[in-house]
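Colleague: Just one file: model-v3.txt, with compact mmCIF, C-alpha atoms.
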```
# COMPACT_ATOMS: atom_id res chain seq x y z
CA MET A 219 27.96 -130.00 -66.82
CA LYS A 220 30.96 -130.07 -64.58
CA LEU A 221 33.09 -129.48 -67.62
CA LEU A 222 31.19 -126.35 -68.58
CA LEU A 223 31.40 -125.06 -65.08
CA ALA A 224 35.13 -125.50 -65.02
CA VAL A 225 35.54 -123.74 -68.36
CA PHE A 226 33.41 -120.81 -67.08
CA ILE A 227 35.48 -120.52 -63.95
CA ALA A 228 38.67 -120.49 -65.91
CA LEU A 229 37.40 -117.85 -68.29
CA SER A 230 36.16 -115.73 -65.36
CA ALA A 231 39.55 -115.97 -63.71
CA ASN A 232 41.28 -114.73 -66.81
CA LEU A 233 38.81 -111.95 -67.25
CA PHE A 234 39.12 -110.71 -63.67
CA ALA A 235 42.87 -110.92 -63.86
CA ALA A 236 42.89 -108.58 -66.88
CA SER A 237 40.37 -106.17 -65.20
CA ASP A 238 42.45 -105.74 -62.04
CA SER A 239 45.44 -104.64 -64.02
CA ASP A 240 43.41 -102.07 -65.94
CA LEU A 241 41.78 -100.77 -62.79
CA GLU A 242 45.09 -100.25 -61.10
CA HIS A 243 46.38 -98.41 -64.10
CA ALA A 244 43.25 -96.23 -64.28
CA TYR A 245 43.41 -95.57 -60.54
CA ALA A 246 47.02 -94.51 -60.75
CA LYS A 247 46.26 -92.21 -63.58
CA GLU A 248 43.32 -90.69 -61.81
CA PHE A 249 45.32 -90.30 -58.61
CA ALA A 250 48.06 -88.47 -60.46
CA TYR A 251 45.46 -86.20 -62.04
CA LEU A 252 43.80 -85.47 -58.74
CA LYS A 253 47.12 -84.82 -57.10
CA ALA A 254 48.01 -82.34 -59.83
CA GLN A 255 44.59 -80.71 -59.37
CA LYS A 256 45.19 -80.52 -55.65
CA ARG A 257 48.52 -78.81 -56.11
CA MET A 258 46.97 -76.41 -58.61
CA LEU A 259 44.02 -75.67 -56.28
CA LYS A 260 46.33 -75.24 -53.32
CA GLN A 261 48.45 -72.85 -55.33
CA ARG A 262 45.33 -71.04 -56.46
CA LEU A 263 44.10 -70.90 -52.88
CA ASN A 264 47.41 -69.43 -51.73
CA GLU A 265 47.20 -66.84 -54.47
CA VAL A 266 43.61 -66.00 -53.52
CA GLU A 267 44.50 -65.78 -49.81
CA ALA A 268 47.45 -63.56 -50.61
CA LYS A 269 45.27 -61.38 -52.79
CA GLN A 270 42.53 -61.25 -50.14
CA THR A 271 45.08 -60.40 -47.48
CA ALA A 272 46.35 -57.59 -49.65
CA ASN A 273 42.81 -56.40 -50.34
CA ILE A 274 41.94 -56.49 -46.62
CA ALA A 275 45.06 -54.55 -45.77
CA LYS A 276 44.23 -52.02 -48.45
CA ALA A 277 40.63 -51.84 -47.29
CA LYS A 278 41.76 -51.25 -43.70
CA LYS A 279 44.08 -48.55 -44.89
CA ASP A 280 41.30 -46.95 -46.95
CA LEU A 281 38.91 -47.24 -43.98
CA SER A 282 41.41 -45.57 -41.69
CA GLU A 283 41.90 -42.80 -44.21
CA LEU A 284 38.13 -42.40 -44.54
CA GLN A 285 37.71 -42.29 -40.75
CA ASN A 286 40.37 -39.62 -40.52
CA ALA A 287 38.67 -37.74 -43.33
CA VAL A 288 35.28 -38.04 -41.56
CA LEU A 289 36.75 -36.82 -38.27
CA LYS A 290 38.37 -33.95 -40.08
CA ARG A 291 35.08 -33.10 -41.81
CA ASN A 292 33.20 -33.31 -38.47
CA SER A 293 35.73 -31.01 -36.87
CA GLN A 294 35.37 -28.59 -39.75
CA SER A 295 31.57 -28.88 -39.53
CA GLU A 296 31.61 -28.09 -35.79
CA LYS A 297 33.93 -25.20 -36.41
CA LEU A 298 31.69 -23.88 -39.16
CA SER A 299 28.64 -24.33 -36.88
CA ASP A 300 30.36 -22.32 -34.14
CA GLU A 301 31.31 -19.65 -36.64
CA LEU A 302 27.72 -19.59 -37.95
CA TYR A 303 26.36 -19.28 -34.37
CA ARG A 304 28.77 -16.44 -33.61
CA ALA A 305 27.85 -14.80 -36.88
CA ARG A 306 24.16 -15.02 -36.01
CA GLN A 307 24.85 -13.62 -32.56
CA SER A 308 26.84 -10.80 -34.05
CA SER A 309 24.03 -10.16 -36.51
CA GLN A 310 21.46 -10.10 -33.67
CA VAL A 311 23.65 -7.80 -31.59
CA MET A 312 24.08 -5.52 -34.58
CA THR A 313 20.30 -5.54 -35.12
CA ASP A 314 19.67 -4.74 -31.44
CA ASP A 315 22.32 -2.04 -31.47
CA THR A 316 20.81 -0.59 -34.61
CA ALA A 317 17.34 -0.57 -33.03
CA LEU A 318 18.79 1.01 -29.89
CA LEU A 319 20.59 3.63 -31.91
CA ASP A 320 17.40 4.37 -33.87
CA SER A 321 15.50 4.72 -30.58
CA VAL A 322 18.18 7.02 -29.14
CA MET A 323 18.17 9.14 -32.26
CA MET A 324 14.37 9.40 -32.32
CA GLN A 325 14.23 10.25 -28.62
CA ALA A 326 16.99 12.82 -28.99
CA SER A 327 15.21 14.36 -31.98
CA SER A 328 11.87 14.59 -30.13
CA LEU A 329 13.43 15.98 -26.93
CA LEU A 330 15.62 18.56 -28.62
CA LYS A 331 13.04 19.71 -31.17
CA PRO A 332 11.17 22.02 -28.70
CA TYR A 333 14.45 23.86 -28.15
CA GLY A 334 14.96 24.45 -31.88
CA VAL A 335 17.72 21.85 -32.23
CA LYS A 336 17.37 19.75 -35.37
CA ILE A 337 19.01 16.33 -35.50
CA ASN A 338 19.92 14.72 -38.83
CA THR A 339 19.83 10.94 -38.53
CA ASP A 340 21.98 9.17 -41.13
CA THR A 341 21.55 5.41 -40.83
CA LYS A 342 24.81 4.82 -42.68
CA GLU A 343 26.93 6.98 -40.34
CA TYR A 344 25.64 6.43 -36.83
CA GLN A 345 28.91 7.42 -35.23
CA LYS A 346 28.82 10.83 -36.82
CA ALA A 347 25.12 11.27 -35.99
CA LEU A 348 25.67 10.30 -32.33
CA LYS A 349 28.58 12.66 -32.04
CA ASN A 350 26.35 15.42 -33.42
CA VAL A 351 23.63 14.58 -30.87
CA PHE A 352 25.99 14.65 -27.90
CA THR A 353 27.66 17.84 -29.09
CA LYS A 354 24.36 19.70 -29.50
CA THR A 355 22.99 18.28 -26.25
CA ASP A 356 26.06 19.39 -24.32
CA SER A 357 25.79 22.85 -25.85
CA LEU A 358 22.08 23.03 -25.00
CA VAL A 359 22.69 21.90 -21.40
CA ARG A 360 25.33 24.57 -20.96
CA GLU A 361 22.99 27.17 -22.38
CA LEU A 362 20.02 26.09 -20.25
CA SER A 363 22.07 25.92 -17.05
CA SER A 364 23.42 29.44 -17.44
CA ILE A 365 22.00 32.57 -15.84
CA LYS A 366 21.00 35.26 -18.35
CA THR A 367 20.02 38.86 -17.73
CA LYS A 368 17.95 40.98 -20.07
CA ASP A 369 15.63 43.96 -20.03
CA GLY A 370 11.94 43.19 -20.23
CA LYS A 371 8.47 43.68 -18.85
CA PHE A 372 6.41 41.68 -16.37
CA TYR A 373 3.08 41.98 -14.59
CA ILE A 374 2.81 42.77 -10.88
CA SER A 375 0.07 41.82 -8.41
CA ASP A 376 -2.31 44.67 -9.29
CA GLY A 377 -2.31 43.65 -12.98
CA SER A 378 -0.16 46.51 -14.25
CA GLN A 379 2.95 45.94 -16.35
CA VAL A 380 6.31 47.33 -15.28
CA ASP A 381 9.70 47.60 -16.92
CA GLY A 382 12.66 45.96 -15.27
CA THR A 383 15.47 43.46 -15.52
CA ILE A 384 14.60 39.83 -16.08
CA ILE A 385 17.04 37.24 -14.70
CA GLN A 386 16.49 33.84 -16.29
CA VAL A 387 17.93 30.73 -14.61
CA GLY A 388 18.06 28.30 -17.51
CA ASN A 389 14.49 27.49 -18.52
CA ILE A 390 13.23 26.50 -15.09
CA ALA A 391 13.06 29.76 -13.10
CA THR A 392 12.89 33.50 -13.66
CA TYR A 393 13.34 36.57 -11.46
CA GLY A 394 12.36 40.16 -12.04
CA VAL A 395 13.94 43.31 -10.58
CA SER A 396 12.34 46.74 -10.99
CA PRO A 397 12.16 49.97 -8.96
CA LYS A 398 8.71 48.91 -7.70
CA ILE A 399 9.25 45.28 -6.87
CA SER A 400 11.76 42.46 -6.97
CA ALA A 401 10.36 38.93 -6.96
CA ALA A 402 10.20 35.55 -8.60
CA LEU A 403 8.38 35.41 -11.93
CA VAL A 404 6.26 32.67 -13.45
CA PRO A 405 4.75 32.23 -16.95
CA ALA A 406 1.53 34.16 -17.53
CA GLY A 407 0.82 32.68 -20.96
CA GLU A 408 1.74 33.85 -24.46
CA GLY A 409 5.37 34.30 -23.45
CA LYS A 410 4.59 36.85 -20.74
CA LEU A 411 5.67 36.79 -17.08
CA LYS A 412 4.01 37.74 -13.82
CA VAL A 413 5.05 38.11 -10.19
CA TRP A 414 4.66 35.03 -8.01
CA ASN A 415 3.61 35.45 -4.40
CA ALA A 416 6.99 34.68 -2.82
CA PRO A 417 8.30 37.67 -0.80
CA GLN A 418 11.49 35.84 0.19
CA ALA A 419 12.55 35.67 -3.47
CA ALA A 420 13.25 39.42 -3.62
CA ALA A 421 16.64 39.03 -1.92
CA THR A 422 17.56 36.18 -4.29
CA ALA A 423 16.62 38.28 -7.33
CA LYS A 424 18.77 41.21 -6.21
CA ALA A 425 21.67 38.91 -5.35
CA LEU A 426 21.59 37.27 -8.81
CA LEU A 427 21.43 40.68 -10.48
CA SER A 428 24.52 41.82 -8.58
CA GLY A 429 26.37 38.63 -9.53
CA ASP A 430 26.26 37.04 -6.11
CA ARG A 431 25.94 33.25 -6.57
CA SER A 432 24.71 32.28 -3.11
CA SER A 433 24.45 28.61 -2.23
CA ASP A 434 20.85 29.11 -0.98
CA LEU A 435 18.28 30.22 -3.55
CA ASN A 436 14.63 30.97 -2.90
CA ILE A 437 13.43 29.63 -6.23
CA PHE A 438 10.15 28.69 -7.86
CA ILE A 439 10.71 26.03 -10.52
CA TYR A 440 8.20 25.66 -13.35
CA GLU A 441 8.04 22.87 -15.89
CA ASN A 442 6.98 24.69 -19.04
CA SER A 443 7.55 28.35 -19.80
CA SER A 444 4.71 28.44 -22.34
CA SER A 445 1.93 27.31 -19.97
CA GLU A 446 0.40 29.79 -17.55
CA ILE A 447 0.91 29.15 -13.84
CA ASP A 448 -2.32 29.79 -11.96
CA ASP A 449 -2.16 31.85 -8.80
CA ALA A 450 -2.40 29.90 -5.58
CA VAL A 451 -5.94 30.23 -4.24
CA GLU A 452 -6.81 29.23 -0.71
CA LYS A 453 -9.75 26.85 -0.80
CA THR A 454 -12.72 27.35 1.46
CA SER A 455 -14.87 24.61 2.92
CA MET A 456 -17.48 25.20 0.22
CA ASP A 457 -14.82 24.82 -2.48
CA ILE A 458 -13.68 21.52 -0.98
CA ILE A 459 -17.24 20.21 -0.80
CA SER A 460 -17.95 21.37 -4.36
CA SER A 461 -14.88 19.53 -5.62
CA GLY A 462 -16.51 16.32 -4.38
CA GLY A 463 -19.41 16.72 -6.80
CA ILE A 464 -23.00 15.68 -6.17
CA ILE A 465 -21.99 12.78 -3.93
CA GLY A 466 -19.99 15.15 -1.73
CA TRP A 467 -23.04 17.38 -1.23
CA VAL A 468 -25.21 14.33 -0.47
CA ILE A 469 -22.76 13.27 2.25
CA VAL A 470 -22.72 16.79 3.74
CA VAL A 471 -26.54 16.97 3.73
CA LEU A 472 -26.73 13.58 5.46
CA GLY A 473 -24.17 14.77 8.00
CA GLY A 474 -26.22 17.91 8.72
CA LEU A 475 -29.38 15.85 9.03
CA GLY A 476 -27.62 13.48 11.41
CA LEU A 477 -26.46 16.36 13.60
CA ILE A 478 -30.00 17.81 13.75
CA LEU A 479 -31.47 14.43 14.68
CA ALA A 480 -28.74 13.88 17.27
CA ALA A 481 -29.49 17.30 18.80
CA LEU A 482 -33.23 16.57 18.94
CA ARG A 483 -32.66 13.16 20.51
CA SER A 484 -30.28 14.72 23.04
CA VAL A 485 -33.04 17.16 24.05
CA PHE A 486 -35.54 14.28 24.43
CA LEU A 487 -33.14 12.23 26.49
CA LEU A 488 -32.11 15.21 28.62
CA THR A 489 -35.74 15.91 29.47
CA ALA A 490 -36.41 12.26 30.27
CA SER A 491 -33.27 11.99 32.36
CA THR A 492 -34.16 15.11 34.41
CA THR A 493 -37.64 13.88 35.22
CA SER A 494 -36.55 10.31 36.01
CA SER A 495 -33.85 11.31 38.49
CA ASN A 496 -36.03 13.16 41.03
CA LEU A 497 -39.59 12.02 40.32
CA ALA A 498 -39.68 8.79 42.34
CA PRO A 499 -38.30 10.31 45.59
CA SER A 500 -40.86 13.14 45.41
CA ILE A 501 -43.81 10.77 44.91
CA LEU A 502 -42.82 8.15 47.49
CA PRO A 503 -43.83 10.16 50.68
CA ALA A 504 -47.28 10.92 49.27
CA LEU A 505 -47.74 7.26 48.32
CA ILE A 506 -46.76 5.99 51.77
CA ASP A 507 -48.69 8.62 53.79
CA ASN A 508 -51.80 9.24 51.68
CA GLY A 509 -52.10 6.22 49.40
CA SER A 510 -52.12 5.73 45.64
CA GLU A 511 -54.87 8.27 44.89
CA LYS A 512 -52.85 11.16 46.28
CA ALA A 513 -49.73 9.97 44.42
CA LEU A 514 -51.67 9.80 41.13
CA GLU A 515 -52.95 13.38 41.68
CA LEU A 516 -49.35 14.55 42.05
CA LEU A 517 -48.33 12.72 38.89
CA LYS A 518 -51.09 14.32 36.79
CA SER A 519 -49.13 17.54 36.51
CA ARG A 520 -45.93 15.72 35.53
CA LYS A 521 -45.08 14.81 31.96
CA GLY A 522 -42.54 12.46 30.49
CA SER A 523 -41.82 8.78 30.13
CA THR A 524 -40.93 8.24 33.78
CA ALA A 525 -44.19 9.80 34.96
CA ARG A 526 -46.24 7.53 32.69
CA VAL A 527 -44.40 4.42 33.90
CA LEU A 528 -44.92 5.39 37.56
CA LYS A 529 -48.64 6.06 36.90
CA ALA A 530 -49.03 2.56 35.48
CA THR A 531 -47.13 1.16 38.46
CA ILE A 532 -49.20 2.97 41.15
CA ARG A 533 -52.52 2.01 39.50
CA ASN A 534 -51.63 -1.68 39.84
CA LEU A 535 -49.97 -1.75 43.26
CA ASP A 536 -52.74 -3.90 44.71
CA ARG A 537 -52.08 -6.74 42.26
CA ASP A 538 -49.66 -9.58 42.87
CA ARG A 539 -45.91 -8.96 42.49
CA GLU A 540 -45.40 -10.90 39.28
CA HIS A 541 -48.30 -9.15 37.55
CA ILE A 542 -47.05 -5.71 38.62
CA GLU A 543 -43.56 -6.41 37.25
CA ASP A 544 -45.07 -7.47 33.91
CA ILE A 545 -47.04 -4.22 33.79
CA VAL A 546 -43.90 -2.21 34.54
CA SER A 547 -41.96 -4.02 31.81
CA GLU A 548 -44.78 -3.40 29.33
CA ALA A 549 -44.90 0.31 30.23
CA ILE A 550 -41.12 0.65 29.81
CA MET A 551 -41.27 -1.14 26.44
CA HIS A 552 -44.04 1.24 25.38
CA GLU A 553 -41.83 4.21 26.29
CA SER A 554 -38.76 2.73 24.54
CA GLY A 555 -40.10 3.89 21.18
CA ARG A 556 -39.95 7.52 22.33
CA LEU A 557 -36.55 7.12 23.98
CA ASP A 558 -35.06 5.39 20.90
CA LYS A 559 -36.49 7.99 18.51
CA PHE A 560 -34.05 8.92 15.70
CA GLY A 561 -31.44 6.51 17.08
CA SER A 562 -31.62 4.06 14.17
CA ILE A 563 -31.57 6.88 11.60
CA ILE A 564 -28.38 8.31 13.13
CA LEU A 565 -26.67 4.91 13.01
CA VAL A 566 -27.85 4.37 9.42
CA ILE A 567 -26.30 7.71 8.43
CA ALA A 568 -23.06 6.65 10.14
CA ALA A 569 -23.05 3.40 8.14
CA VAL A 570 -24.08 4.89 4.78
CA SER A 571 -21.68 7.86 4.77
CA PRO A 572 -18.44 5.87 4.19
CA LEU A 573 -20.23 3.80 1.55
CA LEU A 574 -21.16 7.00 -0.26
CA GLY A 575 -17.53 8.07 0.07
CA LEU A 576 -16.47 4.80 -1.54
CA LEU A 577 -19.03 5.34 -4.30
CA GLY A 578 -17.54 8.79 -4.91
CA THR A 579 -14.06 7.25 -5.03
CA VAL A 580 -15.12 4.73 -7.70
CA THR A 581 -16.96 7.44 -9.66
CA GLY A 582 -13.94 9.74 -9.56
CA MET A 583 -11.56 7.00 -10.69
CA ILE A 584 -13.87 6.08 -13.58
CA ALA A 585 -13.97 9.74 -14.64
CA THR A 586 -10.18 9.93 -14.38
CA PHE A 587 -9.66 6.84 -16.55
CA ASP A 588 -12.14 8.17 -19.11
CA ILE A 589 -10.11 11.38 -19.36
CA ILE A 590 -6.86 9.39 -19.65
CA THR A 591 -8.41 7.30 -22.44
CA GLU A 592 -9.50 10.40 -24.35
CA PHE A 593 -6.71 12.90 -23.69
CA GLY A 594 -3.81 10.87 -22.23
CA THR A 595 -1.78 11.89 -19.19
CA GLY A 596 -0.03 14.92 -20.66
CA ASP A 597 -1.99 17.55 -18.72
CA PRO A 598 -2.42 16.84 -14.99
CA LYS A 599 -5.11 19.53 -14.71
CA LEU A 600 -7.48 17.38 -16.73
CA LEU A 601 -7.14 14.61 -14.16
CA SER A 602 -7.67 16.82 -11.11
CA GLY A 603 -11.48 16.76 -11.32
CA GLY A 604 -11.81 12.99 -11.09
CA ILE A 605 -9.10 12.75 -8.44
CA SER A 606 -10.85 15.43 -6.34
CA ILE A 607 -14.11 13.48 -6.45
CA ALA A 608 -12.28 10.28 -5.54
CA LEU A 609 -10.45 11.74 -2.53
CA VAL A 610 -12.82 14.43 -1.24
CA THR A 611 -15.85 12.13 -1.10
CA THR A 612 -13.88 9.56 0.88
CA GLU A 613 -12.75 12.27 3.30
CA LEU A 614 -16.27 13.67 3.70
CA GLY A 615 -17.71 10.19 4.22
CA LEU A 616 -15.28 9.50 7.06
CA ILE A 617 -15.76 12.97 8.57
CA VAL A 618 -19.52 12.33 8.78
CA ALA A 619 -19.38 8.63 9.73
CA ILE A 620 -16.94 8.81 12.66
CA PRO A 621 -18.77 11.42 14.81
CA MET A 622 -22.20 10.04 13.86
CA LEU A 623 -21.17 6.56 14.98
CA MET A 624 -19.81 7.88 18.28
CA ILE A 625 -22.81 10.13 18.95
CA GLY A 626 -25.29 7.39 18.02
CA ASN A 627 -23.71 4.87 20.39
CA LEU A 628 -23.45 7.42 23.23
CA LEU A 629 -27.11 8.40 22.86
CA SER A 630 -28.15 4.73 22.74
CA GLY A 631 -26.25 4.12 25.97
CA TRP A 632 -27.90 7.17 27.53
CA ALA A 633 -31.35 5.87 26.55
CA GLU A 634 -30.61 2.47 28.09
CA LYS A 635 -29.53 4.15 31.30
CA ILE A 636 -32.82 6.09 31.46
CA LYS A 637 -34.76 2.84 30.97
CA ASP A 638 -32.81 1.27 33.82
CA ASN A 639 -33.64 4.28 36.04
CA MET A 640 -37.32 3.94 35.16
CA GLU A 641 -37.32 0.27 36.11
CA HIS A 642 -35.41 0.99 39.31
CA SER A 643 -37.83 3.78 40.31
CA ALA A 644 -40.89 1.61 39.66
CA LEU A 645 -39.48 -1.35 41.60
CA HIS A 646 -38.49 0.98 44.45
CA LEU A 647 -42.09 2.23 44.74
CA ILE A 648 -43.39 -1.35 44.69
CA ASN A 649 -40.99 -2.46 47.39
CA GLU A 650 -41.70 0.48 49.70
CA TYR A 651 -45.46 0.12 49.25
CA ASN A 652 -45.32 -3.59 50.05
CA LYS A 653 -43.51 -2.82 53.30
CA ILE A 654 -46.42 -0.78 54.67
CA LYS A 655 -49.14 -2.88 53.14
```
Please, can you express the file's structure as structure tokens?
Modeller:
Amino acid sequence: MKLLLAVFIALSANLFAASDSDLEHAYAKEFAYLKAQKRMLKQRLNEVEAKQTANIAKAKKDLSELQNAVLKRNSQSEKLSDELYRARQSSQVMTDDTALLDSVMMQASSLLKPYGVKINTDTKEYQKALKNVFTKTDSLVRELSSIKTKDGKFYISDGSQVDGTIIQVGNIATYGVSPKISAALVPAGEGKLKVWNAPQAAATAKALLSGDRSSDLNIFIYENSSSEIDDAVEKTSMDIISSGGIIGWVIVVLGGLGLILAALRSVFLLTASTTSSNLAPSILPALIDNGSEKALELLKSRKGSTARVLKATIRNLDRDREHIEDIVSEAIMHESGRLDKFGSIILVIAAVSPLLGLLGTVTGMIATFDIITEFGTGDPKLLSGGISIALVTTELGLIVAIPMLMIGNLLSGWAEKIKDNMEHSALHLINEYNKIK
């Protein structure tokens, strides 16, 4: 057994000795191979790093070039945007100018057409068209501002037609000189002329005919030579009221009614005031000397509110003081209805009149706007009716309301004063009677 073990150990030692030599050889070979691989990989790595460095440098260069190109393109884009904005502005200005030129041409054509001036508007040659407009307008202004003299006929105040010399100041004024009369002329319709009521214009007409260009001209300027100028007519009160329409007449009728009622109430108050001022002193001696029966006999022939209050007072003189004063107050309250007669109606008229004037104002304005809607504002005469109603009714309402309000308050104060006199007279009788009782 020991022998076998020794043999095995010896064989194992030989075997391991051979294996170590082979392993060292294999290790050396593998180390040399790995070392060669390392050098090759290191060389390859250096080549890759060099190539990458070159690529990065190239990429940076390309990026810089691209950034420059982008900045250049952005600058060009901004420049193009500015140019586009300016082009749009120029286009808008040209459009506005074109619209303005079209408006000027249309306005010039419409304004110059009544004078027989025809304007040709060529949209392709505005400069030429504008020059034509200004040339013809300047010529027309010179013509209209000149003073022309010609022979013609015109109507005088009595309706007859006379021959004479017509002096035309542009298209705004005309004078006529004839052996019969020299005066200012106005359109009479259908191209005819008539004398205007302006005596001071005769000297101006003669001066213009003789060539004297005085700095002061007595002139009547008219707007349109084809429309007749109505003669100035002085309006009467009836014409003014009629121009206010139905509401104007209603206000006038109310004003007249208020004046009548105020006059009647003044008569009532005057009568009551006359009787109240001297009645108590005339009755007091008879009451003191002869008693209440004699005083009542004297009062039978007297009429009026004060007499009735004193009768009621004397009949109850024998009662206690408080009862007598209540009777006097009741008698005065009973007479207040007669003293205040028509007072409330007068004040109502004073309050209603301006409201009716306001109603007329609203009615007139509605009529005016209806006419404007239908016919426009070209002819002021069409608007005069509604405006007259609007203004005249307001004026009439105030004319009626102001005096009615003053008269009504004055009469009310007068009535209160009479009531105070009645109360004073009654209390005076009571006090004097109690002294002798």
Colleague: Would you give me, as a Markdown table, each residue of segment 517-571 of chain A having an atom within 10 Å of an atom of segment 602-626 of chain A, along with its shortest atom pair and that distance in Å to one decimal, using all atoms listed in the file and sorting by chain and residue number?
Modeller:
```
| residue | atom | partner | partner_atom | distance |
| --- | --- | --- | --- | --- |
| A:Phe560 | CA | A:Gly626 | CA | 9.2 |
| A:Gly561 | CA | A:Gly626 | CA | 6.3 |
| A:Ser562 | CA | A:Gly626 | CA | 8.1 |
| A:Ile563 | CA | A:Gly626 | CA | 9.0 |
| A:Ile564 | CA | A:Gly626 | CA | 5.9 |
| A:Leu565 | CA | A:Gly626 | CA | 5.8 |
| A:Val566 | CA | A:Leu623 | CA | 9.0 |
| A:Ile567 | CA | A:Ala619 | CA | 7.1 |
| A:Ala568 | CA | A:Ala619 | CA | 4.2 |
| A:Ala569 | CA | A:Ala619 | CA | 6.6 |
| A:Val570 | CA | A:Ala619 | CA | 7.8 |
| A:Ser571 | CA | A:Gly615 | CA | 4.6 |
```
Colleague: Measuring between only C-alpha atoms, which one of A:Val471, A:Ile399, A:Leu284, A:Val335 shows the shortest distance to Thr355 of chain A?
Modeller: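 Selected residue with least distance to Thr355 of chain A: A:Val335.
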Colleague: For a quick check of understanding, using all atoms listed in the file, which of A:Lys336, A:Lys346, A:His243, A:His541 has the smallest distance to Leu358 of chain A?
Modeller: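 For Leu358 of chain A, the nearest of the candidates is A:Lys336.
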Colleague: I'd like the neighbourhood of Asp369 of chain A as a count of residues only, where a residue qualifies if any of its atoms comes within 12 Å (using only C-alpha atoms), though same-chain residues fewer than 6 positions away should be ignored.
Modeller: 12
Colleague: One number please: atom CA of Pro405 of chain A to atom CA of Leu330 of chain A, in Å, one decimal.
Modeller: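 Atom-to-atom, atom CA of Pro405 of chain A and atom CA of Leu330 of chain A are spaced 21.0 Å apart.
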Colleague: Between atom CA of Ser299 of chain A and atom CA of Met312 of chain A, measure the distance and give it in Å to one decimal.
Modeller: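 A separation of 19.5 Å between them.
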